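Colleague: Input structure: coords.pdb, which contains PDB, C-alpha atoms.
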ATOM      1  CA  MET A1388      90.180  10.622 -47.551
ATOM      2  CA  LYS A1389      86.457  10.443 -48.125
ATOM      3  CA  ASP A1390      86.226  13.765 -49.970
ATOM      4  CA  LEU A1391      89.351  14.734 -51.821
ATOM      5  CA  ILE A1392      89.371  18.480 -52.350
ATOM      6  CA  ARG A1393      91.370  19.886 -55.197
ATOM      7  CA  VAL A1394      93.668  22.639 -54.108
ATOM      8  CA  LYS A1395      93.172  24.899 -57.097
ATOM      9  CA  SER A1396      91.464  24.956 -60.441
ATOM     10  CA  LEU A1397      93.484  25.949 -63.470
ATOM     11  CA  LEU A1398      90.370  27.669 -64.842
ATOM     12  CA  SER A1399      89.097  31.084 -63.871
ATOM     13  CA  THR A1400      85.536  31.207 -62.568
ATOM     14  CA  GLU A1401      84.409  32.972 -65.763
ATOM     15  CA  VAL A1402      85.997  30.434 -68.103
ATOM     16  CA  GLU A1403      84.633  27.545 -66.049
ATOM     17  CA  GLU A1404      81.133  29.053 -66.318
ATOM     18  CA  LEU A1405      81.506  29.482 -70.085
ATOM     19  CA  LEU A1406      82.739  25.908 -70.455
ATOM     20  CA  ASN A1407      79.806  24.592 -68.416
ATOM     21  CA  HIS A1408      77.496  26.640 -70.622
ATOM     22  CA  GLN A1409      79.116  24.907 -73.602
ATOM     23  CA  VAL A1410      78.515  21.511 -71.998
ATOM     24  CA  ARG A1411      74.827  22.418 -71.880
ATOM     25  CA  LYS A1412      74.892  23.732 -75.453
ATOM     26  CA  GLU A1413      76.388  20.457 -76.710
ATOM     27  CA  ALA A1414      73.792  18.449 -74.749
ATOM     28  CA  LEU A1415      71.069  20.641 -76.230
ATOM     29  CA  SER A1416      72.465  20.090 -79.729
ATOM     30  CA  SER A1417      72.480  16.339 -79.195
ATOM     31  CA  SER A1418      68.853  16.411 -78.056
ATOM     32  CA  ILE A1419      67.829  18.643 -80.958
ATOM     33  CA  TYR A1420      69.461  16.253 -83.417
ATOM     34  CA  LEU A1421      67.667  13.298 -81.812
ATOM     35  CA  ALA A1422      64.362  15.131 -82.281
ATOM     36  CA  MET A1423      65.287  15.849 -85.906
ATOM     37  CA  ALA A1424      66.177  12.174 -86.438
ATOM     38  CA  SER A1425      62.807  11.184 -85.023
ATOM     39  CA  TRP A1426      60.923  13.663 -87.219
ATOM     40  CA  CYS A1427      62.786  12.497 -90.327
ATOM     41  CA  ASN A1428      62.105   8.872 -89.444
ATOM     42  CA  ARG A1429      58.386   9.492 -88.929
ATOM     43  CA  ASN A1430      58.195  11.307 -92.242
ATOM     44  CA  GLY A1431      59.990   8.680 -94.319
ATOM     45  CA  PHE A1432      63.403  10.343 -94.621
ATOM     46  CA  ASP A1433      65.456   7.375 -93.468
ATOM     47  CA  TYR A1434      68.860   8.587 -94.674
ATOM     48  CA  SER A1435      68.410  11.972 -93.027
ATOM     49  CA  SER A1436      67.224  10.253 -89.870
ATOM     50  CA  GLU A1437      70.445   8.239 -89.775
ATOM     51  CA  TYR A1438      72.449  11.410 -90.484
ATOM     52  CA  PHE A1439      70.867  13.170 -87.503
ATOM     53  CA  PHE A1440      71.360  10.148 -85.230
ATOM     54  CA  LYS A1441      75.087  10.350 -86.061
ATOM     55  CA  GLN A1442      75.073  14.108 -85.439
ATOM     56  CA  ALA A1443      73.408  13.554 -82.050
ATOM     57  CA  GLU A1444      76.089  11.051 -81.067
ATOM     58  CA  GLU A1445      78.830  13.418 -82.185
ATOM     59  CA  GLU A1446      77.398  16.281 -80.130
ATOM     60  CA  ARG A1447      77.194  13.995 -77.109
ATOM     61  CA  HIS A1448      80.871  13.166 -77.620
ATOM     62  CA  HIS A1449      81.658  16.909 -77.734
ATOM     63  CA  GLN A1450      79.677  17.432 -74.522
ATOM     64  CA  LEU A1451      81.744  14.782 -72.772
ATOM     65  CA  LYS A1452      85.014  16.258 -74.049
ATOM     66  CA  PHE A1453      84.131  19.637 -72.533
ATOM     67  CA  TYR A1454      82.901  17.988 -69.330
ATOM     68  CA  LYS A1455      86.074  15.952 -68.890
ATOM     69  CA  TYR A1456      88.273  18.961 -69.691
ATOM     70  CA  ILE A1457      86.649  20.974 -66.901
ATOM     71  CA  LEU A1458      87.296  18.114 -64.491
ATOM     72  CA  ASP A1459      90.873  17.616 -65.719
ATOM     73  CA  MET A1460      91.566  21.288 -65.059
ATOM     74  CA  GLY A1461      90.315  21.008 -61.482
ATOM     75  CA  GLY A1462      86.973  22.641 -62.148
ATOM     76  CA  ASN A1463      83.427  21.682 -61.290
ATOM     77  CA  ALA A1464      81.667  20.204 -64.321
ATOM     78  CA  VAL A1465      77.886  20.518 -64.120
ATOM     79  CA  SER A1466      75.563  17.951 -65.657
ATOM     80  CA  PRO A1467      73.037  19.998 -67.635
ATOM     81  CA  GLU A1468      69.283  19.844 -67.665
ATOM     82  CA  VAL A1469      67.934  19.961 -71.200
ATOM     83  CA  THR A1470      64.272  20.744 -71.821
ATOM     84  CA  GLY A1471      62.061  22.440 -74.378
ATOM     85  CA  ILE A1472      63.307  20.554 -77.427
ATOM     86  CA  LYS A1473      61.352  21.274 -80.602
ATOM     87  CA  GLN A1474      59.745  18.034 -81.785
ATOM     88  CA  GLU A1475      57.770  19.085 -84.851
ATOM     89  CA  TYR A1476      58.818  20.795 -88.056
ATOM     90  CA  ASN A1477      56.714  22.349 -90.788
ATOM     91  CA  SER A1478      58.855  20.950 -93.584
ATOM     92  CA  PHE A1479      61.844  18.806 -94.441
ATOM     93  CA  ARG A1480      63.745  21.976 -95.311
ATOM     94  CA  GLU A1481      62.998  23.554 -91.920
ATOM     95  CA  VAL A1482      64.803  20.665 -90.226
ATOM     96  CA  PHE A1483      68.001  21.560 -92.092
ATOM     97  CA  GLU A1484      67.552  25.300 -91.606
ATOM     98  CA  ASP A1485      67.353  24.706 -87.859
ATOM     99  CA  ALA A1486      70.372  22.387 -88.002
ATOM    100  CA  LEU A1487      72.477  25.116 -89.636
ATOM    101  CA  ASP A1488      71.256  27.691 -87.105
ATOM    102  CA  GLN A1489      72.230  25.316 -84.300
ATOM    103  CA  GLU A1490      75.748  24.816 -85.685
ATOM    104  CA  ILE A1491      76.252  28.575 -86.084
ATOM    105  CA  SER A1492      75.097  29.093 -82.495
ATOM    106  CA  VAL A1493      77.600  26.482 -81.246
ATOM    107  CA  THR A1494      80.417  28.119 -83.224
ATOM    108  CA  GLN A1495      79.597  31.542 -81.782
ATOM    109  CA  SER A1496      79.571  30.128 -78.266
ATOM    110  CA  ILE A1497      82.996  28.516 -78.724
ATOM    111  CA  LYS A1498      84.370  31.753 -80.177
ATOM    112  CA  LYS A1499      83.118  33.580 -77.082
ATOM    113  CA  ILE A1500      85.028  31.178 -74.830
ATOM    114  CA  TYR A1501      88.112  31.521 -77.019
ATOM    115  CA  ALA A1502      87.989  35.327 -76.835
ATOM    116  CA  ARG A1503      87.635  35.233 -73.048
ATOM    117  CA  CYS A1504      90.600  32.872 -72.794
ATOM    118  CA  LEU A1505      92.718  35.163 -74.965
ATOM    119  CA  ASN A1506      91.831  38.048 -72.674
ATOM    120  CA  GLU A1507      92.880  35.978 -69.635
ATOM    121  CA  GLN A1508      95.924  34.511 -71.386
ATOM    122  CA  ASP A1509      94.512  31.025 -70.829
ATOM    123  CA  TYR A1510      96.425  29.498 -73.711
ATOM    124  CA  VAL A1511      95.888  25.934 -72.493
ATOM    125  CA  THR A1512      92.121  26.206 -72.884
ATOM    126  CA  ASN A1513      92.503  27.959 -76.235
ATOM    127  CA  GLU A1514      94.654  25.081 -77.455
ATOM    128  CA  PHE A1515      91.883  22.715 -76.328
ATOM    129  CA  LEU A1516      89.294  24.833 -78.179
ATOM    130  CA  ASN A1517      91.228  24.756 -81.474
ATOM    131  CA  TRP A1518      90.006  21.222 -82.151
ATOM    132  CA  PHE A1519      86.398  22.358 -81.694
ATOM    133  CA  LEU A1520      86.826  25.354 -83.990
ATOM    134  CA  LYS A1521      88.103  23.079 -86.741
ATOM    135  CA  GLU A1522      85.228  20.675 -86.049
ATOM    136  CA  GLN A1523      82.710  23.540 -86.295
ATOM    137  CA  ARG A1524      84.130  24.587 -89.648
ATOM    138  CA  GLU A1525      83.315  21.085 -90.883
ATOM    139  CA  GLU A1526      79.882  20.980 -89.241
ATOM    140  CA  GLU A1527      78.794  24.344 -90.641
ATOM    141  CA  TYR A1528      80.049  23.350 -94.086
ATOM    142  CA  LYS A1529      78.051  20.112 -94.051
ATOM    143  CA  ALA A1530      74.930  21.868 -92.764
ATOM    144  CA  ARG A1531      75.176  24.541 -95.480
ATOM    145  CA  ARG A1532      75.740  21.935 -98.189
ATOM    146  CA  ALA A1533      72.709  19.959 -96.995
ATOM    147  CA  LEU A1534      70.566  23.071 -97.156
ATOM    148  CA  GLU A1535      71.901  23.871-100.640
ATOM    149  CA  LEU A1536      70.496  20.547-101.847
ATOM    150  CA  PHE A1537      67.024  22.029-101.478
ATOM    151  CA  GLU A1538      67.957  24.757-103.970
ATOM    152  CA  VAL A1539      69.850  22.508-106.369
ATOM    153  CA  ILE A1540      67.462  19.543-106.409
ATOM    154  CA  GLY A1541      64.196  21.080-105.193
ATOM    155  CA  VAL A1542      61.515  19.166-103.304
ATOM    156  CA  GLU A1543      59.000  18.674-106.122
ATOM    157  CA  GLY A1544      58.328  15.169-107.401
ATOM    158  CA  THR A1545      61.076  12.888-106.139
ATOM    159  CA  GLY A1546      63.250  15.828-105.069
ATOM    160  CA  ALA A1547      62.809  15.321-101.324
ATOM    161  CA  TRP A1548      63.683  11.642-101.766
ATOM    162  CA  GLU A1549      66.841  12.601-103.697
ATOM    163  CA  ILE A1550      67.827  15.133-101.051
ATOM    164  CA  ASP A1551      67.339  12.494 -98.365
ATOM    165  CA  ARG A1552      69.609  10.082-100.253
ATOM    166  CA  HIS A1553      72.382  12.678-100.650
ATOM    167  CA  VAL A1554      72.505  14.172 -97.131
ATOM    168  CA  GLY A1555      74.612  11.412 -95.611
ATOM    169  CA  LYS A1556      77.093  11.552 -98.484
ATOM    170  CA  ILE A1557      78.181  15.135 -97.831
ATOM    171  CA  LYS A1558      81.864  15.179 -96.940
ATOM    172  CA  TYR A1559      84.242  17.894 -95.910
ATOM    173  CA  ASP A1560      87.900  17.830 -96.868
ATOM    174  CA  SER A1561      89.851  20.736 -95.428
ATOM    175  CA  GLU A1562      92.956  19.846 -97.403
ATOM    176  CA  ALA A1563      93.289  21.285-100.888
ATOM    177  CA  ALA A1564      93.854  18.728-103.626
ATOM    178  CA  ASP A1565      97.345  18.472-105.053
TER     179      ASP A1565
END
Translate this structure into structure tokens?
Modeller:
Amino acid sequence: MKDLIRVKSLLSTEVEELLNHQVRKEALSSSIYLAMASWCNRNGFDYSSEYFFKQAEEERHHQLKFYKYILDMGGNAVSPEVTGIKQEYNSFREVFEDALDQEISVTQSIKKIYARCLNEQDYVTNEFLNWFLKEQREEEYKARRALELFEVIGVEGTGAWEIDRHVGKIKYDSEAAD
């Protein structure tokens, strides 16, 4: 049995394509965050650099979760090519503006898959996507809070240094306090 052929995929062709698109989107996000980490490092924002290295690793983990899910469902997971990553930013703030834009784009992409699955009554994939929707709520929150630091603290004087120190401390707690 040199080449084992799966009898049938549990995914429709359209959902499989959307999931493979998401694999690429997560790989792109990971690469973007690596570029942001590099820019922050080169510009003396060590805490933000570490924050973006962690974000890159998290996005890579998400990519692999989607990839493995496609395979588990009998589909054909495609390893993505990622090119054209922005390497330079005009300001510290621009890095975080782009990070928020990237998270919103990922959320919209997942919502598109979810809507397609609802239409097809693919409840198994929607259940899988629920974890990612919750994760995106957290990621968008943290990205917005990081960007808000620029308004609250400002970048004048030691402001950029203070922002850098606070970025990694942003936490999200979805549970209301008692």
Colleague: Smallest atom-to-atom distance to Val1410 (chain A): which of A:Met1460, A:Ile1557, A:Val1542, A:Val1469, using all atoms listed in the file?
Modeller: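 Of all the options, A:Val1469 lies closest to Val1410 (chain A).
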Colleague: Emit as AutoDock Vina command-line options the padded axis-aligned box for all listed atoms of region 1428-1446 of chain A, 6 Å per side, with centre and edge lengths in Å to one decimal.
Modeller:
--center_x 68.5 --center_y 11.8 --center_z -87.4 --size_x 32.6 --size_y 20.9 --size_z 26.5
Colleague: Between A:Tyr1510, A:Phe1519, A:Phe1432, A:Tyr1476, which one has atoms that come closest to Glu1445 (chain A), using all atoms listed in the file?
Modeller: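 Counting all atoms listed in the file, the residue closest to Glu1445 (chain A) is A:Phe1519.
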Colleague: Here is a test: counting all atoms listed in the file, which residue of A:Met1423, A:Leu1406, A:Val1482, A:Asp1433 is nearest to Leu1516 (chain A)?
Modeller: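 Nearest candidate to Leu1516 (chain A) out of A:Met1423, A:Leu1406, A:Val1482, A:Asp1433: A:Leu1406.
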Colleague: In terms of the shortest atom-to-atom distance over all atoms listed in the file, which of A:Lys1499, A:Cys1427, A:Tyr1528, A:Thr1545 is closest to Ser1478 (chain A)?
Modeller: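 Between A:Lys1499, A:Cys1427, A:Tyr1528, A:Thr1545, the residue approaching Ser1478 (chain A) most closely is A:Cys1427.
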Colleague: Between CA of Pro1467 (chain A) and CA of Val1511 (chain A), what is the distance in Å, rounded to a tenth?
Modeller: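 Separation between CA of Pro1467 (chain A) and CA of Val1511 (chain A): 24.1 Å.
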Colleague: Counting all atoms listed in the file, which residue out of A:Leu1520, A:Ser1399, A:Phe1479, A:Asp1560 sits closest to Asn1428 (chain A)?
Modeller: A:Phe1479
Colleague: Once the PyMOL selection byres ((chain A and resi 1403) around 12) is applied to the coordinates I shared, what remains selected? I want it as a ChimeraX atom specification.
Modeller: /A:1396-1402,1404-1410,1453-1454,1456-1465,1500,1503-1504,1509,1512
Colleague: Evaluating the PyMOL selection byres ((chain A and resi 1446) around 8) on the displayed file yields which residues, as a list of chain:residue names?
Modeller: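 Given this file, the PyMOL selection byres ((chain A and resi 1446) around 8) evaluates to A:Glu1413, A:Ala1414, A:Ser1416, A:Ser1417, A:Gln1442, A:Ala1443, A:Glu1444, A:Glu1445, A:Arg1447, A:His1448, A:His1449, A:Gln1450.
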Colleague: Compare A:Phe1537, A:Tyr1434, A:Tyr1420, A:Trp1426 by their minimum atom-to-atom distance to Arg1552 (chain A), counting all atoms listed in the file, and give me the closest one.
Modeller: A:Tyr1434
Colleague: Have a look at CA of Ile1491 (chain A) and CA of Glu1468 (chain A) and let me know their distance in Å, one decimal.
Modeller: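 Computing the Euclidean distance for CA of Ile1491 (chain A) and CA of Glu1468 (chain A) yields 21.5 Å.
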Colleague: Can you tell me, as a PyMOL selection string, which residues sit within 12 Å of (76.6, 22.3, -90.6) in the file's frame, using all atoms listed in the file?
Modeller: chain A and resi 1416+1420+1438-1439+1442+1482-1494+1522-1535+1554+1557-1559
Colleague: Mind giving me the straight-line distance from CA of Leu1451 (chain A) to CA of Glu1481 (chain A) in Å, one decimal?
Modeller: 28.2 Å
Colleague: Do you know which residues lie at most 7 Å from (63.5, 13.3, -97.8), with coordinates as in the file and all atoms listed in the file counted, and could you write them as a PyMOL selection string?
Modeller: chain A and resi 1431-1432+1435+1479+1547-1551
Colleague: If the PyMOL selection byres ((chain A and resi 1474) around 6) were run on this exact file, what residues would it hold? Put them as a PyMOL selection string.
Modeller: chain A and resi 1422+1473+1475
